[in-house]
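Read the structure below first, then the notes.
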Number of protein chains: 2
Amino acid sequence: MIEIAVLGHGVVGSGVAELLLKNASGIARRAKTEINVKYILDIRDFPDCPYKDKFTKDFDVIVKDADVKVIVEVMGGVHPAYDYIMQGLRAGKSAVTSNKELVAEKGAELLKTAKENGVNFLFEASVGGGIPIIRPLHQCLAANEIDEIAGILNGTTNFILTKMIKESMPFDDALKMAQELGYAEADPTADVDGHDSCRKICILASLAFGSHVYPELVHTEGIRNITLDDVLYAGNSGCVVKLIGQAHRTGDGKIFVRVGPALVPHESQLSSVDDVFNAILVRGDSTGDVVFYGKGAGKFPTASAVVGDVIDCINARGNIDSLYWTDSGKDNVAYAKSESVVMYIRCAINRDVSAEKINDKFGGVTFLSHDGQRPGEAAFLTAKMPECEIDELAEGLSLLSKIRVLESE
Amino acid sequence: MIEIAVLGHGVVGSGVAELLLKNASGIARRAKTEINVKYILDIRDFPDCPYKDKFTKDFDVIVKDADVKVIVEVMGGVHPAYDYIMQGLRAGKSAVTSNKELVAEKGAELLKTAKENGVNFLFEASVGGGIPIIRPLHQCLAANEIDEIAGILNGTTNFILTKMIKESMPFDDALKMAQELGYAEADPTADVDGHDSCRKICILASLAFGSHVYPELVHTEGIRNITLDDVLYAGNSGCVVKLIGQAHRTGDGKIFVRVGPALVPHESQLSSVDDVFNAILVRGDSTGDVVFYGKGAGKFPTASAVVGDVIDCINARGNIDSLYWTDSGKDNVAYAKSESVVMYIRCAINRDVSAEKINDKFGGVTFLSHDGQRPGEAAFLTAKMPECEIDELAEGLSLLSKIRVLESE
């Protein structure tokens, strides 16, 4: 029997406890031992919980108990999660987390500490909820060099965009519905402004390219400014608007990472990923495109990823040292605007700015239309060129929208 | 440095050798040691091959060489592949294969022998080519009970069906094109009649449900009888025709497995999987639907899966005993026709069999139509009922087609 402690008894934490009970025999078969939750740390009281005896408010009790082999951190936030996990790792306990903010901020340091102490720090649940992605990236694709990662990494924004695309629901109404359904929080900033997607692509890029990518260095845009007009123009050009996190290596050995809305062509497997689903495309030099699809959040999908990691901690003999990346001097991220893109632009047209002038200025563009198109505006796709050049050419335009087109190859 | 031997120098075998050279440093980092191909077994001569010194025609040399730690079998066919691997495992060497026929026929026995000898028998490449599926099934989803597996498991038939659906190309022409492009063999039986898909769903079902599922027990249909009319009727009912392998547990503890064409509704993630791509949907009780998508065949995708397994063999300390299933008395497969389905039926109508009579006979059906519909035939969807009842009701009809509808939930 292996004893574990669970830090946090919120949605995911209670899911972990329930799952360990519900699938106990299957889990024991795969872990080759029973798993017992010895402690649950929470500052709140749960007097009616069937396992109320397990609760403690004192982390010291957990870290000093030599029986506890694995600490599951599902509290969220960087502190005190980071401090607890560091103490746990140094005390020779493995740690499992679903906390993307923590991994995106402190991953390199926590991986290093785990390695130094011969234990593991695993975080499958931090990206893609119940979708296996961290493990396939570092293990199944071991024989590949990763050329590109592109993903729909946030279910809330994908739900909102799906409502806009399929039901012509304005952004504000779709956000309100997401909040009512519990998909979005009262303060939706982390989802809607792309920060959540940013943390996740940082984790994937760090793992794929071996060097810690800090979220603060990543060009990040959200979906607040996407309008139904954009959705309709995009539709008529054979695309859907999705919030995409992307990463690849650049020629000079840096890492390109970006989060932002993108026009995704119907040919792309990512275009058919709707509602709260996530999908992550990994392009390996040998495998070609592999896509992982599933529910990116939710109590039980996330809890099942956490429990999978707990089983791996138990089965591992010592540190799984292929799951690793080094810290960076925060000098490893490429300047995103050097990247060449095709840009969708919507802008006002008037006496000074005619469609003809736009076409001349950008050296040839493709104009888009839709049935309810407003007078006095134009929407078009540019040729492919460095984004900084597009920005320069767009100076003087009354910009209404500017959205990159995702390249399918 | 770890020495390995590769049995077979065909498409996949030469891909393995090339990949080990091309990505040597990345592979060495993940395996924590260099990997050297000491022997290549092939009955043919390769006088111009840059590593022609490695070739041997004598398996005894390999099995008796204590330096060889891993045997890679990429010859195909059950014999002598089975005999070589058994000898290798008994000599304390791990084995990796891409040979689905072998795993589907002899998997339980080979897994048992590997376990008894404290080594590994791995076969990620046998299903889905470069798509990670075997490892996620047994490991990432460790905390789940698997409720259902459904997949597009054969790229050749998916290419043919895509041509029929998207370009209204008749079956024979699409098959010819697949042969010209090298996707289908001169004798396309294994692909077109569903045997290849059957082997793959047997492997997945054996692993998910823990008991060997023998292909000969599985109800298997191919796509030879699918016509453009079926594709058009299906399209007008919001579906595409795909060759689907499916498996789940039944109430009485048996395993339901079936391979056959199916009408897949557009809402299903499997409906947008086109051309030679494969996709496998795994429904876990906690994760919900997770889909793995990618190229299911090809030299480098398959070779990269093989090399990933070789790395796992090297990193594993002893037998990875969670990757296991037991043999069965061939009494574990459910009678497929007891399963309730919605059926698409196309049949002749005439004086004796009118649309009205059909509707009455089946207790209410939904008639389908398409623009070029032939006079004298009807196409309809039945209500959901056990397939054996549908067969009974269909007696006396002049059947032209009969295709199951894939349930999306």
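Quick note on naming: the chains in the structure tokens go A, B, ... in the order shown, residues restart at 1 in each chain, and ligands are numbered from 1 in order of appearance.
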I'd like a table as CSV: residues in chain B with an atom no more than 7 Å from chain A, each row giving the shortest atom pair and its distance in Å to one decimal, only C-alpha atoms counted, sorted by chain and rising residue number.
residue,atom,partner,partner_atom,distance
B:Asn23,CA,A:Ala143,CA,6.9
B:Ile27,CA,A:Ala143,CA,5.7
B:Arg30,CA,A:Ser322,CA,5.6
B:Gly130,CA,A:Thr287,CA,5.2
B:Ile131,CA,A:Val290,CA,6.3
B:Pro132,CA,A:Cys140,CA,6.0
B:Pro136,CA,A:Pro132,CA,6.7
B:Cys140,CA,A:Gly308,CA,5.7
B:Leu141,CA,A:Gly308,CA,6.5
B:Ala142,CA,A:Gly308,CA,5.4
B:Ala143,CA,A:Ser304,CA,5.3
B:Asn144,CA,A:Ser304,CA,6.6
B:Ser286,CA,A:Phe300,CA,5.0
B:Thr287,CA,A:Pro301,CA,4.0
B:Gly288,CA,A:Pro301,CA,6.9
B:Asp289,CA,A:Gly294,CA,5.7
B:Val290,CA,A:Gly294,CA,4.4
B:Val291,CA,A:Tyr293,CA,4.8
B:Phe292,CA,A:Phe292,CA,4.9
B:Tyr293,CA,A:Val291,CA,4.8
B:Gly294,CA,A:Val290,CA,4.4
B:Phe300,CA,A:Ser286,CA,4.9
B:Pro301,CA,A:Thr287,CA,3.9
B:Ser304,CA,A:Ala143,CA,5.3
B:Val307,CA,A:Ala143,CA,5.8
B:Gly308,CA,A:Ala142,CA,5.4
B:Ser322,CA,A:Arg30,CA,5.6
(message) Quick check for you: according to DSSP on this backbone, which residues of stretch 222-256 of chain A are classed as helix (DSSP H, G or I)? Reply as a ChimeraX atom specification.
(response) /A:228-236
(request) Just the residues within 8 Å of stretch 68-71 of chain A, please, counting only C-alpha atoms, with nothing from its chain fewer than 4 positions along; format it as an MDAnalysis selection string. (result) chainID A and resid 2:7 38 62:63 85 88 92:96 310 313
Find the residues near B:Ser168: any atom within 12 Å, counting only C-alpha atoms, skip ones fewer than 6 places away on the same chain, and give them as a compact mmCIF listing (two decimals) with all heavy atoms, in the first residue's frame.
# COMPACT_ATOMS: atom_id res chain seq x y z
N ILE B 160 -9.77 5.32 -50.13
CA ILE B 160 -10.76 4.94 -51.16
C ILE B 160 -12.12 5.59 -50.85
O ILE B 160 -12.74 6.21 -51.71
CB ILE B 160 -10.89 3.40 -51.23
CG1 ILE B 160 -9.58 2.80 -51.79
CG2 ILE B 160 -12.09 3.00 -52.09
CD1 ILE B 160 -9.51 1.28 -51.70
N LEU B 161 -12.56 5.49 -49.59
CA LEU B 161 -13.87 6.06 -49.22
C LEU B 161 -13.85 7.59 -49.37
O LEU B 161 -14.84 8.19 -49.78
CB LEU B 161 -14.23 5.66 -47.79
CG LEU B 161 -14.58 4.18 -47.60
CD1 LEU B 161 -14.67 3.84 -46.11
CD2 LEU B 161 -15.90 3.83 -48.30
N THR B 162 -12.72 8.22 -49.03
CA THR B 162 -12.63 9.68 -49.18
C THR B 162 -12.78 10.08 -50.64
O THR B 162 -13.47 11.06 -50.96
CB THR B 162 -11.29 10.19 -48.62
OG1 THR B 162 -11.18 9.79 -47.25
CG2 THR B 162 -11.20 11.71 -48.69
N ALA B 174 -11.19 4.25 -57.44
CA ALA B 174 -10.48 4.70 -56.23
C ALA B 174 -9.46 3.66 -55.78
O ALA B 174 -8.35 4.00 -55.37
CB ALA B 174 -11.49 5.02 -55.13
N THR B 227 -21.39 1.53 -52.56
CA THR B 227 -21.54 2.19 -53.87
C THR B 227 -21.65 3.70 -53.69
O THR B 227 -21.88 4.19 -52.58
CB THR B 227 -22.81 1.70 -54.59
OG1 THR B 227 -23.95 2.18 -53.84
CG2 THR B 227 -22.86 0.18 -54.66
N LEU B 228 -21.53 4.41 -54.80
CA LEU B 228 -21.71 5.87 -54.76
C LEU B 228 -23.11 6.23 -54.31
O LEU B 228 -23.32 7.27 -53.67
CB LEU B 228 -21.39 6.48 -56.13
CG LEU B 228 -19.90 6.50 -56.49
CD1 LEU B 228 -19.72 7.14 -57.87
CD2 LEU B 228 -19.09 7.26 -55.45
N ASP B 229 -24.10 5.39 -54.63
CA ASP B 229 -25.46 5.66 -54.15
C ASP B 229 -25.49 5.69 -52.63
O ASP B 229 -26.09 6.57 -52.02
CB ASP B 229 -26.43 4.59 -54.67
CG ASP B 229 -26.76 4.79 -56.14
OD1 ASP B 229 -27.17 5.91 -56.48
OD2 ASP B 229 -26.58 3.85 -56.93
N ASP B 230 -24.84 4.71 -52.02
CA ASP B 230 -24.81 4.67 -50.55
C ASP B 230 -24.18 5.93 -49.99
O ASP B 230 -24.67 6.50 -49.01
CB ASP B 230 -24.02 3.44 -50.07
CG ASP B 230 -24.67 2.13 -50.51
OD1 ASP B 230 -25.91 2.07 -50.53
OD2 ASP B 230 -23.92 1.19 -50.83
N VAL B 231 -23.08 6.34 -50.62
CA VAL B 231 -22.37 7.53 -50.16
C VAL B 231 -23.28 8.76 -50.24
O VAL B 231 -23.29 9.60 -49.33
CB VAL B 231 -21.09 7.73 -51.02
CG1 VAL B 231 -20.51 9.12 -50.83
CG2 VAL B 231 -20.06 6.65 -50.68
N LEU B 232 -24.07 8.85 -51.30
CA LEU B 232 -24.94 10.01 -51.49
C LEU B 232 -26.13 9.99 -50.53
O LEU B 232 -26.48 11.02 -49.94
CB LEU B 232 -25.42 10.07 -52.94
CG LEU B 232 -24.31 10.41 -53.95
CD1 LEU B 232 -24.77 10.11 -55.38
CD2 LEU B 232 -23.88 11.86 -53.81
N GLY B 235 -24.74 10.95 -47.23
CA GLY B 235 -24.46 12.39 -47.18
C GLY B 235 -25.71 13.18 -46.87
O GLY B 235 -25.70 14.11 -46.06
(request) List every residue of stretch 9-224 of chain B that DSSP, applied to the backbone of this structure, assigns to strand (DSSP E or B), and report them as an MDAnalysis selection string. (result) chainID B and resid 35:41 55:56 68:73 94:97 121:122 146:152 211 219:220
(message) So that I can see what lies close to stretch 383-393 of chain A, please list as JSON, numbers by chain the residues with an atom at most 8 Å from it, counting only C-alpha atoms and leaving out residues fewer than 6 positions away in the same chain.
(response) {"A": [337, 338, 339, 340, 341, 342, 343, 361, 362, 363, 364, 365]}
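The list of residues with at least one atom within 12 Å of B:Asp45, based on only C-alpha atoms and without residues fewer than 5 positions apart in the same chain, reads Gly8, His9, Gly10, Ile40, Tyr51, Lys52, Asp53, Lys54, Phe55, Thr56 and Lys57 of chain B.
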Dump as a PDB file, in the first residue's frame, selection limited to N, CA and C atoms:
ATOM      1  N   GLY B   8      14.504  -7.970 -40.977  1.00  0.00           N
ATOM      2  CA  GLY B   8      13.745  -7.479 -42.128  1.00  0.00           C
ATOM      3  C   GLY B   8      14.256  -6.115 -42.553  1.00  0.00           C
ATOM      4  N   HIS B   9      14.554  -5.968 -43.837  1.00  0.00           N
ATOM      5  CA  HIS B   9      15.059  -4.693 -44.345  1.00  0.00           C
ATOM      6  C   HIS B   9      14.168  -4.181 -45.474  1.00  0.00           C
ATOM      7  N   GLY B  10      12.855  -4.250 -45.218  1.00  0.00           N
ATOM      8  CA  GLY B  10      11.894  -3.684 -46.159  1.00  0.00           C
ATOM      9  C   GLY B  10      11.677  -2.220 -45.854  1.00  0.00           C
ATOM     10  N   ILE B  40      21.471  -6.856 -39.296  1.00  0.00           N
ATOM     11  CA  ILE B  40      20.202  -6.785 -40.024  1.00  0.00           C
ATOM     12  C   ILE B  40      19.997  -8.142 -40.679  1.00  0.00           C
ATOM     13  N   TYR B  51      25.558   0.216 -45.067  1.00  0.00           N
ATOM     14  CA  TYR B  51      25.891  -0.619 -43.899  1.00  0.00           C
ATOM     15  C   TYR B  51      25.715  -2.101 -44.245  1.00  0.00           C
ATOM     16  N   LYS B  52      26.265  -2.481 -45.427  1.00  0.00           N
ATOM     17  CA  LYS B  52      26.071  -3.855 -45.914  1.00  0.00           C
ATOM     18  C   LYS B  52      26.752  -4.894 -45.023  1.00  0.00           C
ATOM     19  N   ASP B  53      27.751  -4.449 -44.233  1.00  0.00           N
ATOM     20  CA  ASP B  53      28.462  -5.376 -43.343  1.00  0.00           C
ATOM     21  C   ASP B  53      27.587  -5.909 -42.222  1.00  0.00           C
ATOM     22  N   LYS B  54      26.497  -5.222 -41.955  1.00  0.00           N
ATOM     23  CA  LYS B  54      25.654  -5.626 -40.831  1.00  0.00           C
ATOM     24  C   LYS B  54      24.724  -6.783 -41.194  1.00  0.00           C
ATOM     25  N   PHE B  55      24.610  -7.086 -42.498  1.00  0.00           N
ATOM     26  CA  PHE B  55      23.609  -8.068 -42.915  1.00  0.00           C
ATOM     27  C   PHE B  55      24.024  -9.495 -42.587  1.00  0.00           C
ATOM     28  N   THR B  56      23.019 -10.275 -42.186  1.00  0.00           N
ATOM     29  CA  THR B  56      23.223 -11.704 -41.994  1.00  0.00           C
ATOM     30  C   THR B  56      21.947 -12.410 -42.452  1.00  0.00           C
ATOM     31  N   LYS B  57      22.116 -13.677 -42.821  1.00  0.00           N
ATOM     32  CA  LYS B  57      20.939 -14.478 -43.172  1.00  0.00           C
ATOM     33  C   LYS B  57      20.650 -15.502 -42.085  1.00  0.00           C
TER      34      LYS B  57
END
(request) Rounded to one decimal place, report the atom CA of A:Gly253-atom CA of B:Glu34 distance in Å. (result)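 Separating atom CA of A:Gly253 from atom CA of B:Glu34 is a distance of 24.2 Å.
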(request) Have a look at atom CA of B:Ile35 and atom CA of B:Asp58 and let me know their distance in Å, one decimal. (result)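 Those two atoms sit 21.7 Å apart.
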(request) May I ask for the distance between atom CA of A:Ile349 and atom CA of A:Leu243, given in Å to one decimal place? (result)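 Interatomic distance here is 27.5 Å.
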